[in-house]
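Notes to accompany the following structure.
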Amino acid sequence: MAKITVIGSSSMDLVVTAPKRPSKGETILGESFKTVPGGKGANQAVAAARLGAEVYMVGCIGDDAFGKAILENFNKNHVVSTYVEPVTGVESGTAHITLAEGDNSIIVVKGANNYVTPGFVEKALDVIRESDMVLIQQEIPEETVEYVSEKCHQFGVPLLLNPAPARPIRKEVIEKAAYLTPNELEASILFNNTNLHKELMKYPNKVFITEGKNGVRFHNGEKEVVVPTYRVEAVDTTGAGDTFNAAFAVALAEGKSFEESIRFANRAASLSVTKFGAQGGMPTREEVEESM
């Protein structure tokens, strides 16, 4: 069983389903509204746990009803929440999601996730040191991502950095991370709109660009490779990227090859979009293996 530590955001997703996105100044009638646990960190932790890993979550929640629900959800999904703490007088993070026309639009309010500081993460250094893989994203402070990259590099623990939401990253962080998984937009920001083919060549078996229905692109040290994804009828694409990252981390931590790991992750992500909610469709290990 792979031991994975996820450092990142925990939020409550407030999801509206509508026939279309309203234009500026326009009011339309929605079709449904739901609240479901989310946050990129929490999503990846739950996905990895469902795929059979021993998962530790490091993050902050508000001292509100959403925070209690987020914590209960970790426990229900067998994510170890020893390092998830409420912040007094602060609201939990929220993501305001509109599902329309087969895709999603999201506004994230960080809330308690702003308190996932280097000082907070320091409490979890022992479990980080003992991990097979660490996952981190960018819904927490930039200095925390830098701190974790330094510590993982120091401990010899591979760090998978999912650079989302997109923002520039210092070259030192890129160098110290074992793997980076940007989508096409994030990759263009990460590498300052330079030729992505050259950047992939510069970082063989390190940078994996997710291209949605077109698959995942990387350089294997000899040539550029695209691993195709699986075609499915999408119900809700929220959380597909988080499922991919979790599954990719689990597979790599178990010693699978890069292409095997991508195929496993692509299959998990394709299954995740066939049900509602970021975590609602995240598959179990058995479901992924049976479908392959």
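Scheme for the structure tokens: letters A, B, ... for chains in order shown; per-chain residue numbers from 1; ligand numbers from 1 in order shown.
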
Non-local contacts of segment 61-78 of chain A (10 Å; only C-alpha atoms; under 4 positions in same chain excluded) as an MDAnalysis selection string: chainID A and resid 9:13 35:39 42:43 45:50 52:57 84:94 111:116

List the neighbours of Gly277 of chain A out to 7 Å using only C-alpha atoms; skip same-chain residues closer than 4 positions along the sequence, and give me the result as a PyMOL selection string. chain A and resi 36+236+238+281

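Using only C-alpha atoms for every distance, the candidate list A:Phe120, A:Phe191, A:Tyr147, A:Phe244 yields A:Phe244 as the residue closest to Thr210 of chain A.
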
Any chance you could list, as a PDB file with N, CA, C and O atoms, in the first residue's frame, the residues in segment 180-290 of chain A that come up strand (DSSP E or B) when DSSP is run on the backbone?
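Saved the output as part_12.pdb:
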ATOM      1  N   LEU A 180       5.568  17.398 -12.446  1.00  0.00           N
ATOM      2  CA  LEU A 180       4.627  18.506 -12.579  1.00  0.00           C
ATOM      3  C   LEU A 180       3.558  18.105 -13.576  1.00  0.00           C
ATOM      4  O   LEU A 180       3.855  17.514 -14.626  1.00  0.00           O
ATOM      5  N   ASN A 183      -2.088  21.596 -16.956  1.00  0.00           N
ATOM      6  CA  ASN A 183      -2.830  21.506 -18.210  1.00  0.00           C
ATOM      7  C   ASN A 183      -2.191  22.480 -19.199  1.00  0.00           C
ATOM      8  O   ASN A 183      -1.166  23.109 -18.892  1.00  0.00           O
ATOM      9  N   VAL A 207       7.663  16.621 -16.612  1.00  0.00           N
ATOM     10  CA  VAL A 207       6.521  17.481 -16.900  1.00  0.00           C
ATOM     11  C   VAL A 207       5.531  16.694 -17.753  1.00  0.00           C
ATOM     12  O   VAL A 207       5.873  16.204 -18.832  1.00  0.00           O
ATOM     13  N   ILE A 209       1.867  17.175 -19.439  1.00  0.00           N
ATOM     14  CA  ILE A 209       0.837  18.162 -19.766  1.00  0.00           C
ATOM     15  C   ILE A 209      -0.470  17.435 -20.078  1.00  0.00           C
ATOM     16  O   ILE A 209      -0.545  16.628 -21.003  1.00  0.00           O
ATOM     17  N   THR A 210      -1.490  17.720 -19.273  1.00  0.00           N
ATOM     18  CA  THR A 210      -2.800  17.108 -19.501  1.00  0.00           C
ATOM     19  C   THR A 210      -3.567  17.954 -20.516  1.00  0.00           C
ATOM     20  O   THR A 210      -3.688  19.165 -20.364  1.00  0.00           O
ATOM     21  N   VAL A 216      -2.473  12.891 -22.528  1.00  0.00           N
ATOM     22  CA  VAL A 216      -1.386  13.457 -21.720  1.00  0.00           C
ATOM     23  C   VAL A 216      -0.093  13.404 -22.527  1.00  0.00           C
ATOM     24  O   VAL A 216       0.268  12.365 -23.079  1.00  0.00           O
ATOM     25  N   ARG A 217       0.613  14.533 -22.556  1.00  0.00           N
ATOM     26  CA  ARG A 217       1.828  14.667 -23.370  1.00  0.00           C
ATOM     27  C   ARG A 217       3.056  14.788 -22.454  1.00  0.00           C
ATOM     28  O   ARG A 217       3.048  15.563 -21.498  1.00  0.00           O
ATOM     29  N   PHE A 218       4.108  14.043 -22.777  1.00  0.00           N
ATOM     30  CA  PHE A 218       5.371  14.166 -22.049  1.00  0.00           C
ATOM     31  C   PHE A 218       6.516  13.696 -22.935  1.00  0.00           C
ATOM     32  O   PHE A 218       6.295  13.125 -24.005  1.00  0.00           O
ATOM     33  N   HIS A 219       7.742  13.964 -22.500  1.00  0.00           N
ATOM     34  CA  HIS A 219       8.926  13.515 -23.225  1.00  0.00           C
ATOM     35  C   HIS A 219       9.573  12.402 -22.415  1.00  0.00           C
ATOM     36  O   HIS A 219       9.817  12.571 -21.219  1.00  0.00           O
ATOM     37  N   GLU A 224       8.849  12.676 -27.800  1.00  0.00           N
ATOM     38  CA  GLU A 224       7.620  13.143 -27.174  1.00  0.00           C
ATOM     39  C   GLU A 224       6.529  12.100 -27.366  1.00  0.00           C
ATOM     40  O   GLU A 224       6.379  11.539 -28.452  1.00  0.00           O
ATOM     41  N   VAL A 225       5.795  11.842 -26.302  1.00  0.00           N
ATOM     42  CA  VAL A 225       4.774  10.792 -26.307  1.00  0.00           C
ATOM     43  C   VAL A 225       3.436  11.398 -25.889  1.00  0.00           C
ATOM     44  O   VAL A 225       3.385  12.251 -24.999  1.00  0.00           O
ATOM     45  N   VAL A 226       2.352  10.974 -26.545  1.00  0.00           N
ATOM     46  CA  VAL A 226       1.001  11.335 -26.118  1.00  0.00           C
ATOM     47  C   VAL A 226       0.265  10.051 -25.754  1.00  0.00           C
ATOM     48  O   VAL A 226       0.129   9.148 -26.585  1.00  0.00           O
ATOM     49  N   VAL A 227      -0.160   9.958 -24.508  1.00  0.00           N
ATOM     50  CA  VAL A 227      -0.936   8.804 -24.054  1.00  0.00           C
ATOM     51  C   VAL A 227      -2.411   9.182 -24.149  1.00  0.00           C
ATOM     52  O   VAL A 227      -2.859  10.107 -23.459  1.00  0.00           O
TER      53      VAL A 227
END

Find the spatial neighbours of Glu31 of chain A, counting only C-alpha atoms, within a cut-off of 12 Å - ignore same-chain residues fewer than 6 positions away - and output them as a PyMOL selection string. chain A and resi 15-21+98-100

Resulting file, chosen residues, all heavy atoms, as a JSON list (two decimals), in the first residue's frame:
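Full text of again15.json as output:
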[["chain", "number", "residue", "atom", "x", "y", "z"],
["A", 15, "VAL", "N", -22.55, 24.10, -5.87],
["A", 15, "VAL", "CA", -22.67, 23.77, -7.29],
["A", 15, "VAL", "C", -24.06, 24.11, -7.83],
["A", 15, "VAL", "O", -25.06, 23.61, -7.33],
["A", 15, "VAL", "CB", -22.37, 22.27, -7.53],
["A", 15, "VAL", "CG1", -22.32, 21.97, -9.03],
["A", 15, "VAL", "CG2", -21.07, 21.86, -6.85],
["A", 16, "VAL", "N", -24.07, 24.94, -8.86],
["A", 16, "VAL", "CA", -25.31, 25.28, -9.57],
["A", 16, "VAL", "C", -25.26, 24.65, -10.96],
["A", 16, "VAL", "O", -24.26, 24.79, -11.68],
["A", 16, "VAL", "CB", -25.48, 26.81, -9.71],
["A", 16, "VAL", "CG1", -26.64, 27.14, -10.63],
["A", 16, "VAL", "CG2", -25.69, 27.44, -8.35],
["A", 17, "THR", "N", -26.32, 23.96, -11.32],
["A", 17, "THR", "CA", -26.47, 23.45, -12.68],
["A", 17, "THR", "C", -27.44, 24.35, -13.43],
["A", 17, "THR", "O", -28.51, 24.68, -12.92],
["A", 17, "THR", "CB", -27.00, 22.00, -12.66],
["A", 17, "THR", "OG1", -26.12, 21.19, -11.89],
["A", 17, "THR", "CG2", -27.09, 21.44, -14.07],
["A", 18, "ALA", "N", -27.04, 24.77, -14.64],
["A", 18, "ALA", "CA", -27.86, 25.70, -15.42],
["A", 18, "ALA", "C", -27.77, 25.34, -16.89],
["A", 18, "ALA", "O", -26.82, 24.69, -17.34],
["A", 18, "ALA", "CB", -27.37, 27.13, -15.21],
["A", 19, "PRO", "N", -28.78, 25.76, -17.68],
["A", 19, "PRO", "CA", -28.75, 25.45, -19.12],
["A", 19, "PRO", "C", -27.67, 26.21, -19.86],
["A", 19, "PRO", "O", -27.21, 25.78, -20.91],
["A", 19, "PRO", "CB", -30.15, 25.85, -19.60],
["A", 19, "PRO", "CG", -30.62, 26.85, -18.59],
["A", 19, "PRO", "CD", -30.04, 26.44, -17.29],
["A", 20, "LYS", "N", -27.26, 27.36, -19.32],
["A", 20, "LYS", "CA", -26.19, 28.15, -19.94],
["A", 20, "LYS", "C", -25.59, 29.06, -18.86],
["A", 20, "LYS", "O", -26.12, 29.18, -17.77],
["A", 20, "LYS", "CB", -26.73, 28.99, -21.10],
["A", 20, "LYS", "CG", -27.68, 30.10, -20.66],
["A", 20, "LYS", "CD", -27.91, 31.10, -21.78],
["A", 20, "LYS", "CE", -28.62, 32.35, -21.25],
["A", 20, "LYS", "NZ", -28.63, 33.43, -22.24],
["A", 21, "ARG", "N", -24.47, 29.72, -19.20],
["A", 21, "ARG", "CA", -23.88, 30.69, -18.29],
["A", 21, "ARG", "C", -24.51, 32.05, -18.53],
["A", 21, "ARG", "O", -24.65, 32.47, -19.68],
["A", 21, "ARG", "CB", -22.36, 30.77, -18.50],
["A", 21, "ARG", "CG", -21.64, 29.56, -17.99],
["A", 21, "ARG", "CD", -20.16, 29.58, -18.32],
["A", 21, "ARG", "NE", -19.53, 28.37, -17.79],
["A", 21, "ARG", "CZ", -19.62, 27.17, -18.36],
["A", 21, "ARG", "NH1", -20.28, 27.03, -19.48],
["A", 21, "ARG", "NH2", -19.05, 26.13, -17.81],
["A", 98, "THR", "N", -20.36, 26.65, -11.49],
["A", 98, "THR", "CA", -21.49, 26.63, -12.42],
["A", 98, "THR", "C", -21.25, 25.53, -13.44],
["A", 98, "THR", "O", -20.23, 25.53, -14.14],
["A", 98, "THR", "CB", -21.64, 27.98, -13.15],
["A", 98, "THR", "OG1", -21.87, 29.01, -12.19],
["A", 98, "THR", "CG2", -22.82, 27.94, -14.13],
["A", 99, "LEU", "N", -22.19, 24.59, -13.52],
["A", 99, "LEU", "CA", -22.14, 23.54, -14.53],
["A", 99, "LEU", "C", -23.12, 23.92, -15.63],
["A", 99, "LEU", "O", -24.32, 24.05, -15.40],
["A", 99, "LEU", "CB", -22.55, 22.20, -13.94],
["A", 99, "LEU", "CG", -21.69, 21.63, -12.81],
["A", 99, "LEU", "CD1", -22.28, 20.31, -12.32],
["A", 99, "LEU", "CD2", -20.26, 21.44, -13.26],
["A", 100, "ALA", "N", -22.60, 24.12, -16.84],
["A", 100, "ALA", "CA", -23.45, 24.50, -17.96],
["A", 100, "ALA", "C", -22.77, 24.11, -19.27],
["A", 100, "ALA", "O", -21.54, 24.17, -19.39],
["A", 100, "ALA", "CB", -23.71, 26.01, -17.95]]

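When only C-alpha atoms are used to measure the gap to Ala95 of chain A, the shortest distance among A:Arg170, A:Pro22, A:Ala178, A:Ala278 belongs to A:Ala278.
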
Residues near Ile4 of chain A, anyone? I mean within 12 Å using only C-alpha atoms, not counting same-chain ones fewer than 5 positions away, as a PyMOL selection string. chain A and resi 44-49+51-58+79-80+127-136+157-160+245-254

Tell me, as a PyMOL selection string, which residues lie within 12 Å of Met292 of chain A, counting only C-alpha atoms; anything in the same chain fewer than 4 positions away does not count. chain A and resi 229-230+260+263-268+270-271+285-288

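A straight line drawn from atom CA of Thr181 of chain A to atom CA of Lys123 of chain A is 26.6 Å long.
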
Spatial neighbours of Gly8 of chain A, 6 Å, only C-alpha atoms, chain gap at least 2 places, as a compact mmCIF listing (two decimals) with C-alpha atoms, in the first residue's frame:
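Contents of the output file part_39.txt:
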# COMPACT_ATOMS: atom_id res chain seq x y z
CA GLY A 41 -6.19 18.99 -1.94
CA GLY A 59 -4.70 21.36 5.65
CA ILE A 136 0.60 19.59 -3.52
CA GLN A 137 -1.43 22.17 -5.45

Those of segment 104-236 of chain A in DSSP alpha helix (DSSP H), formatted as a count of residues only: 43

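Here atom CA of Glu139 of chain A is placed at a distance of 26.8 Å from atom CA of Lys202 of chain A.
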
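Picture a line from atom CA of Gln279 of chain A to atom CA of Gly239 of chain A; it runs 6.7 Å.
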